[in-house]
$ cat input-v4.txt   # compact mmCIF, C-alpha atoms and all ligand atoms
# COMPACT_ATOMS: atom_id res chain seq x y z
CA MET A 177 29.27 -42.40 -22.48
CA SER A 178 28.70 -43.55 -26.07
CA ARG A 179 30.49 -40.50 -27.39
CA ILE A 180 33.78 -41.44 -25.83
CA PRO A 181 34.38 -44.91 -27.33
CA SER A 182 33.35 -43.77 -30.78
CA ARG A 183 35.64 -40.79 -30.49
CA ARG A 184 38.43 -43.04 -29.26
CA THR A 185 37.88 -45.42 -32.15
CA LEU A 186 38.03 -42.55 -34.55
CA LEU A 187 41.12 -41.11 -32.97
CA ALA A 188 42.81 -44.51 -32.95
CA GLY A 189 42.22 -44.96 -36.65
CA ALA A 190 42.47 -41.35 -37.64
CA SER A 191 46.01 -39.99 -37.30
CA ALA A 192 47.76 -37.92 -39.88
CA THR A 193 45.88 -39.27 -42.91
CA ALA A 194 42.50 -38.13 -41.68
CA ALA A 195 44.02 -34.87 -40.59
CA ALA A 196 45.47 -34.38 -44.05
CA THR A 197 42.14 -35.19 -45.74
CA LEU A 198 40.39 -32.59 -43.68
CA LEU A 199 43.14 -30.13 -44.28
CA GLY A 200 41.83 -28.71 -47.54
CA ALA A 201 38.60 -27.54 -45.96
CA CYS A 202 40.42 -25.86 -43.13
CA ASP A 203 42.89 -23.43 -44.58
CA ARG A 204 42.00 -20.81 -42.02
CA LEU A 205 43.43 -23.10 -39.35
CA GLY A 206 46.84 -22.25 -40.75
CA ASN A 207 46.71 -19.20 -38.54
CA VAL A 208 46.23 -21.18 -35.35
CA GLU A 209 49.45 -21.42 -33.39
CA TRP A 210 49.40 -25.16 -32.57
CA PHE A 211 48.37 -26.03 -36.08
CA ARG A 212 51.33 -24.28 -37.65
CA ARG A 213 53.62 -26.91 -36.23
CA THR A 214 53.89 -29.71 -38.77
CA LEU A 215 51.52 -32.59 -38.04
CA LYS A 216 54.39 -35.02 -37.93
CA THR A 217 53.68 -36.76 -34.67
CA GLY A 218 50.70 -38.84 -33.58
CA GLU A 219 50.21 -36.44 -30.71
CA ASP A 220 49.77 -33.50 -33.05
CA ALA A 221 47.40 -35.49 -35.26
CA ASN A 222 45.36 -36.60 -32.26
CA MET A 223 45.07 -33.03 -31.03
CA PHE A 224 44.17 -31.78 -34.49
CA VAL A 225 41.43 -34.36 -35.03
CA GLN A 226 39.95 -33.99 -31.58
CA ARG A 227 39.81 -30.23 -31.70
CA LEU A 228 38.42 -30.24 -35.21
CA LEU A 229 35.62 -32.64 -34.24
CA LEU A 230 34.74 -31.26 -30.86
CA THR A 231 35.51 -27.59 -31.30
CA GLU A 232 37.33 -25.71 -28.59
CA ARG A 233 34.26 -25.26 -26.45
CA SER A 234 32.93 -28.83 -26.32
CA LEU A 235 32.19 -30.08 -22.83
CA ALA A 236 33.18 -33.37 -21.26
CA PRO A 237 30.15 -35.49 -20.29
CA GLU A 238 28.68 -34.61 -16.90
CA TYR A 239 26.95 -37.15 -14.68
CA THR A 240 24.30 -37.23 -11.96
CA ALA A 241 24.75 -37.58 -8.20
CA ALA A 242 23.70 -41.23 -8.51
CA ASP A 243 26.75 -41.91 -10.69
CA ILE A 244 29.31 -40.68 -8.13
CA SER A 245 31.84 -43.37 -7.19
CA PRO A 246 31.60 -44.38 -3.51
CA TRP A 247 35.35 -43.81 -3.19
CA PHE A 248 37.53 -41.62 -5.36
CA LYS A 249 40.73 -43.62 -5.67
CA PRO A 250 43.78 -41.46 -4.93
CA ASN A 251 46.81 -41.93 -7.16
CA GLY A 252 50.38 -40.69 -7.38
CA THR A 253 51.27 -38.60 -4.34
CA GLU A 254 48.69 -39.12 -1.59
CA ASP A 255 50.41 -37.24 1.23
CA PRO A 256 53.19 -34.86 0.15
CA PRO A 257 56.33 -35.42 2.23
CA ASP A 258 57.51 -31.82 1.85
CA LYS A 259 58.07 -29.81 5.02
CA ALA A 260 56.43 -26.64 3.73
CA TYR A 261 53.34 -28.59 2.70
CA LYS A 262 53.12 -30.39 6.02
CA ALA A 263 53.28 -27.06 7.83
CA LEU A 264 50.36 -25.78 5.75
CA ALA A 265 48.37 -28.98 6.29
CA ARG A 266 48.85 -28.83 10.07
CA ARG A 267 46.98 -25.51 10.12
CA LYS A 268 44.32 -26.79 7.73
CA PHE A 269 45.78 -24.59 4.97
CA ALA A 270 44.88 -21.36 6.79
CA ASP A 271 48.27 -19.94 5.65
CA TYR A 272 47.99 -21.23 2.08
CA HIS A 273 48.14 -18.76 -0.79
CA LEU A 274 47.75 -19.55 -4.46
CA GLU A 275 50.22 -17.42 -6.43
CA ILE A 276 49.50 -16.31 -9.99
CA GLY A 277 52.34 -14.72 -11.92
CA GLY A 278 54.61 -14.89 -14.93
CA LEU A 279 53.47 -13.24 -18.16
CA VAL A 280 50.58 -11.31 -16.62
CA GLU A 281 49.94 -7.60 -16.14
CA ALA A 282 48.56 -8.01 -12.62
CA PRO A 283 50.04 -10.87 -10.56
CA PHE A 284 48.18 -11.67 -7.35
CA SER A 285 47.80 -14.25 -4.62
CA LEU A 286 44.67 -15.58 -2.93
CA SER A 287 44.09 -17.42 0.32
CA LEU A 288 41.85 -20.47 0.39
CA ALA A 289 39.10 -18.41 2.02
CA GLU A 290 39.39 -15.85 -0.77
CA LEU A 291 39.24 -18.58 -3.42
CA ARG A 292 36.15 -20.10 -1.80
CA ALA A 293 34.45 -16.70 -1.81
CA LEU A 294 34.78 -16.36 -5.61
CA PRO A 295 32.09 -17.53 -8.05
CA SER A 296 32.40 -21.32 -8.35
CA ARG A 297 31.47 -24.10 -10.70
CA THR A 298 30.38 -27.62 -9.67
CA GLN A 299 30.61 -30.54 -12.09
CA ILE A 300 30.28 -34.32 -11.88
CA THR A 301 32.79 -35.85 -14.24
CA ARG A 302 34.74 -39.01 -14.90
CA HIS A 303 38.45 -39.19 -14.21
CA ASP A 304 40.42 -41.61 -16.40
CA CYS A 305 43.93 -42.62 -15.35
CA VAL A 306 46.32 -44.12 -17.91
CA GLU A 307 46.82 -46.98 -15.50
CA GLY A 308 43.37 -48.22 -16.48
CA TRP A 309 40.91 -47.10 -13.83
CA SER A 310 38.18 -44.46 -13.71
CA CYS A 311 36.22 -42.71 -10.97
CA ILE A 312 33.27 -40.33 -11.10
CA GLY A 313 33.36 -37.43 -8.68
CA GLN A 314 31.73 -34.08 -8.05
CA TRP A 315 34.18 -31.21 -8.10
CA THR A 316 33.64 -27.64 -6.93
CA GLY A 317 36.12 -24.89 -7.63
CA VAL A 318 37.04 -21.62 -9.26
CA PRO A 319 37.06 -21.47 -13.07
CA LEU A 320 40.68 -20.94 -14.12
CA ALA A 321 39.47 -18.53 -16.82
CA ASN A 322 38.25 -16.10 -14.14
CA LEU A 323 41.65 -16.04 -12.43
CA LEU A 324 43.53 -15.59 -15.70
CA THR A 325 41.20 -12.82 -16.79
CA ARG A 326 41.83 -11.05 -13.51
CA ALA A 327 45.61 -11.43 -13.91
CA ARG A 328 45.44 -10.11 -17.51
CA LEU A 329 47.68 -12.22 -19.75
CA LYS A 330 50.44 -10.48 -21.65
CA PRO A 331 50.45 -11.00 -25.44
CA ALA A 332 53.33 -13.50 -25.29
CA ALA A 333 51.40 -15.81 -22.90
CA ARG A 334 50.92 -19.26 -24.37
CA TYR A 335 50.91 -21.89 -21.62
CA ILE A 336 49.78 -22.11 -18.01
CA VAL A 337 52.14 -23.99 -15.69
CA PHE A 338 50.98 -25.50 -12.39
CA HIS A 339 53.71 -25.83 -9.77
CA CYS A 340 52.82 -28.39 -7.13
CA ALA A 341 53.93 -28.96 -3.54
CA ASP A 342 54.92 -32.62 -3.77
CA THR A 343 58.43 -33.88 -4.37
CA MET A 344 58.47 -36.84 -6.75
CA GLU A 345 62.20 -37.57 -6.59
CA GLN A 346 65.52 -35.91 -5.83
CA ALA A 347 67.84 -34.46 -8.46
CA SER A 348 71.43 -35.67 -8.54
CA PRO A 349 73.71 -34.21 -5.81
CA LEU A 350 75.92 -32.61 -8.49
CA GLU A 351 73.15 -30.21 -9.36
CA GLY A 352 71.56 -29.81 -5.98
CA GLY A 353 70.87 -26.41 -4.47
CA ASP A 354 72.73 -25.08 -1.45
CA ASP A 355 69.81 -24.48 0.89
CA PRO A 356 70.71 -26.28 4.13
CA GLU A 357 67.08 -27.06 5.02
CA THR A 358 66.01 -30.67 4.69
CA THR A 359 63.25 -32.24 2.66
CA GLU A 360 62.66 -35.95 3.11
CA PRO A 361 63.10 -37.62 -0.27
CA GLU A 362 60.18 -39.73 -1.42
CA ALA A 363 60.68 -42.98 -3.29
CA ALA A 364 60.41 -42.46 -7.05
CA PRO A 365 57.01 -43.66 -8.32
CA THR A 366 56.76 -46.68 -10.58
CA GLY A 367 57.62 -45.71 -14.10
CA ALA A 368 60.04 -42.95 -13.18
CA ASN A 369 63.34 -43.24 -14.96
CA PRO A 370 66.15 -43.03 -12.42
CA ASN A 371 68.67 -42.43 -15.19
CA MET A 372 67.04 -39.33 -16.58
CA THR A 373 69.44 -36.48 -17.17
CA ARG A 374 68.99 -33.20 -15.37
CA ARG A 375 68.86 -29.68 -16.67
CA PRO A 376 71.56 -27.28 -15.51
CA ALA A 377 71.24 -25.82 -12.03
CA GLY A 378 70.03 -22.53 -13.51
CA ALA A 379 66.90 -24.22 -14.82
CA GLU A 380 66.25 -25.72 -11.40
CA ASP A 381 66.59 -22.26 -9.88
CA ARG A 382 64.07 -20.77 -12.28
CA ARG A 383 61.64 -23.56 -11.67
CA ASP A 384 61.76 -23.15 -7.93
CA SER A 385 61.99 -19.38 -7.80
CA GLY A 386 58.36 -18.88 -6.85
CA LYS A 387 57.55 -16.83 -3.80
CA GLY A 388 56.39 -18.96 -0.92
CA GLU A 389 57.72 -22.19 -2.37
CA ASP A 390 59.86 -24.58 -0.40
CA THR A 391 63.19 -24.69 -2.20
CA ALA A 392 64.72 -27.00 0.39
CA SER A 393 67.47 -29.41 -0.57
CA GLY A 394 68.24 -32.75 0.98
CA ASP A 395 71.04 -33.29 3.51
CA ASP A 396 73.11 -34.78 0.74
CA GLY A 397 72.78 -31.65 -1.41
CA THR A 398 70.07 -33.06 -3.68
CA ALA A 399 67.29 -30.80 -4.95
CA PRO A 400 63.65 -31.86 -4.93
CA ILE A 401 61.95 -32.44 -8.27
CA ARG A 402 58.34 -31.56 -7.74
CA PHE A 403 55.26 -32.46 -9.73
CA TYR A 404 54.27 -29.86 -12.32
CA GLU A 405 52.00 -29.70 -15.32
CA SER A 406 51.17 -27.31 -18.15
CA ILE A 407 48.24 -26.66 -20.47
CA ASP A 408 47.61 -24.36 -23.40
CA LEU A 409 45.20 -21.44 -23.45
CA VAL A 410 42.39 -23.36 -25.16
CA ASP A 411 42.26 -25.79 -22.23
CA ALA A 412 42.92 -23.03 -19.70
CA PHE A 413 39.85 -21.05 -20.76
CA HIS A 414 37.62 -24.12 -21.18
CA PRO A 415 34.53 -23.69 -18.97
CA GLN A 416 35.10 -27.01 -17.17
CA THR A 417 38.70 -26.19 -16.29
CA ILE A 418 38.54 -25.38 -12.59
CA LEU A 419 40.79 -25.25 -9.55
CA ALA A 420 38.86 -27.48 -7.18
CA TYR A 421 38.78 -27.18 -3.39
CA ALA A 422 35.88 -29.60 -2.80
CA LEU A 423 35.16 -33.21 -3.76
CA ASN A 424 31.64 -34.61 -3.43
CA GLY A 425 30.56 -31.58 -1.39
CA GLU A 426 33.32 -32.00 1.21
CA THR A 427 36.64 -30.22 1.69
CA LEU A 428 39.09 -31.72 -0.79
CA PRO A 429 41.00 -34.52 1.01
CA ILE A 430 44.80 -34.40 1.12
CA ALA A 431 44.91 -37.69 -0.82
CA ASN A 432 43.09 -36.03 -3.72
CA GLY A 433 45.15 -32.83 -3.79
CA ALA A 434 44.21 -30.48 -0.94
CA PRO A 435 43.97 -27.59 -0.72
CA LEU A 436 43.62 -27.00 -4.47
CA ARG A 437 43.83 -29.22 -7.54
CA LEU A 438 43.28 -28.76 -11.23
CA ARG A 439 40.30 -30.37 -12.95
CA LEU A 440 40.95 -30.47 -16.66
CA GLU A 441 38.05 -32.50 -17.97
CA ARG A 442 38.55 -34.20 -21.39
CA ASN A 443 42.13 -34.93 -20.34
CA LEU A 444 43.82 -37.93 -18.74
CA GLY A 445 44.44 -38.16 -15.01
CA TYR A 446 48.07 -37.16 -14.99
CA LYS A 447 47.21 -33.67 -16.27
CA GLN A 448 45.01 -33.05 -13.18
CA ALA A 449 47.69 -31.42 -11.01
CA LYS A 450 47.11 -31.82 -7.26
CA TYR A 451 48.59 -29.66 -4.46
CA VAL A 452 48.76 -26.59 -6.74
CA MET A 453 50.84 -23.84 -5.10
CA ARG A 454 51.66 -21.52 -7.93
CA ILE A 455 50.39 -20.77 -11.41
CA GLU A 456 52.94 -19.42 -13.85
CA VAL A 457 51.99 -18.00 -17.24
CA VAL A 458 54.76 -18.62 -19.78
CA ALA A 459 55.59 -18.32 -23.47
CA SER A 460 57.40 -21.67 -23.43
CA PHE A 461 57.99 -24.46 -20.92
CA ALA A 462 61.38 -25.38 -22.41
CA ASP A 463 63.23 -24.07 -19.34
CA ILE A 464 61.01 -25.72 -16.74
CA GLY A 465 61.97 -29.13 -15.37
CA GLN A 466 63.23 -31.29 -18.25
CA GLY A 467 61.42 -29.04 -20.73
CA LYS A 468 58.59 -31.37 -21.75
CA GLY A 469 55.80 -29.53 -19.95
CA GLY A 470 55.18 -31.77 -16.95
CA TYR A 471 56.66 -34.26 -14.53
CA TRP A 472 55.24 -37.27 -16.37
CA GLU A 473 55.90 -35.68 -19.75
CA ASP A 474 59.56 -35.47 -18.70
CA GLN A 475 59.38 -39.26 -18.21
CA GLY A 476 58.03 -39.75 -21.74
CA TYR A 477 54.27 -39.28 -21.46
CA ALA A 478 52.50 -37.20 -24.13
CA TRP A 479 52.04 -33.52 -23.29
CA TYR A 480 48.64 -33.45 -24.95
CA ALA A 481 46.48 -36.00 -23.14
CA GLY A 482 43.02 -35.24 -24.52
CA ILE A 483 40.37 -37.95 -24.27
N1 LIG B 1 50.84 -33.03 -7.59
C1 LIG B 1 50.47 -34.20 -8.14
N2 LIG B 1 49.43 -34.20 -8.99
C2 LIG B 1 49.02 -35.35 -9.57
C3 LIG B 1 49.69 -36.58 -9.33
C4 LIG B 1 50.79 -36.55 -8.42
O1 LIG B 1 51.44 -37.58 -8.13
N3 LIG B 1 51.15 -35.34 -7.85
N4 LIG B 1 49.27 -37.74 -9.97
C5 LIG B 1 48.44 -37.58 -11.17
C6 LIG B 1 47.77 -38.81 -11.60
S1 LIG B 1 48.68 -39.93 -12.49
C7 LIG B 1 46.43 -39.01 -11.41
S2 LIG B 1 45.61 -40.35 -12.06
C8 LIG B 1 45.65 -38.05 -10.61
C9 LIG B 1 45.03 -38.79 -9.44
O2 LIG B 1 44.15 -37.93 -8.77
P1 LIG B 1 43.45 -38.51 -7.47
O3 LIG B 1 44.53 -38.80 -6.47
O4 LIG B 1 42.46 -37.49 -7.00
O5 LIG B 1 42.78 -39.80 -7.90
O6 LIG B 1 46.41 -36.98 -10.11
C10 LIG B 1 47.39 -36.50 -10.96
N5 LIG B 1 47.95 -35.32 -10.39
MO MO B 2 47.13 -41.30 -13.53
$ encode --input "input-v4.txt" --output "structure tokens"
Amino acid sequence: MSRIPSRRTLLAGASATAAATLLGACDRLGNVEWFRRTLKTGEDANMFVQRLLLTERSLAPEYTAADISPWFKPNGTEDPPDKAYKALARRKFADYHLEIGGLVEAPFSLSLAELRALPSRTQITRHDCVEGWSCIGQWTGVPLANLLTRARLKPAARYIVFHCADTMEQASPLEGGDDPETTEPEAAPTGANPNMTRRPAGAEDRRDSGKGEDTASGDDGTAPIRFYESIDLVDAFHPQTILAYALNGETLPIANGAPLRLRLERNLGYKQAKYVMRIEVVASFADIGQGKGGYWEDQGYAWYAGI
């Protein structure tokens, strides 16, 4: 693990100055989409330095079976309260379908059995949560690149959005949907800002428009705000980016994101979306949720969480 601390040290000290120094040698990067944004924020500088040093294809360290943590600590949602999810869980996800759509030529959906039948990748990696803990686990799943290749991205595609099953909090009644079905609200997790402002109802509708998703509202007219995340195409096509259905050789437990969760190695824990129901390919995530690219990003976390 010696690479990580030294990289962290470098990133901590690096920032825009180092990025600017390296700039002269890298004029061709001016054509890269993310680079064209001005490097005015620490997040941009961090992303620039990391990608310059590691190159787009660099792998996160992989470990041996002896390194696997005896228990993979679950965090965030550990048992989604949502009705639709509970119904799927009761039947051991036999009715589950992963949907892939948005800016693709050939949208499709796959059952868990179909996903398991596809070529898989197994990797033993370390998960780092911003809360200050790490676990090493062995993940088995389908490389996201294979699914995206099959769906055939349209030229405007720029981000991959993961829509998850779990409700994190309820939107204000004023903007709730009108579906009479009930979803039990879950207490907002620590760190959530109860005063956050909501997007107009239209944005909520778009976010929850996915086929097969539970768009239930609470009895009081509130609308569920579910976990979501987004990544760019560099991370999406990274060879260690997989949709995992197994942990340590066993069926993925509900606590860790069953039936399917993202493993985005080289990124912090909150990017590793659990309970993935739908993958949406988009040109921009401005109209999804609060527009910051993820549930925790909407609460102020950085969108780019490379480590
Ligand atoms: N759908 C969903 N995905 C999620 C979360 C969540 O609450 N809901 N929490 C995130 C956070 S902060 C972490 S650290 C990891 C925890 O994954 P684990 O439960 O397998 O440890 O999941 C991430 N993905
Ligand atoms: Mo986390």
$ residues_near_ligand --input "input-v4.txt" --ligand "ligand MO 2 (chain B)" --cutoff "12 Å" --atoms "all atoms listed in the file" --output "VMD selection string"
chain A and resid 249 to 253 303 to 311 365 to 367 432 443 to 450 471 to 472 477 481
$ atom_distance --input "input-v4.txt" --atom1 "atom CA of Val280 of chain A" --atom2 "atom O6 of ligand LIG 1 (chain B)"
26.8 Å
$ atom_distance --input "input-v4.txt" --atom1 "atom CA of Ala263 of chain A" --atom2 "atom CA of Asp342 of chain A"
13.0 Å
$ closest_residue --input "input-v4.txt" --among "A:Asp258, A:Asp243, A:Glu238, A:Asp408" --to "ligand LIG 1 (chain B)" --atoms "only C-alpha atoms and all ligand atoms"
A:Asp258
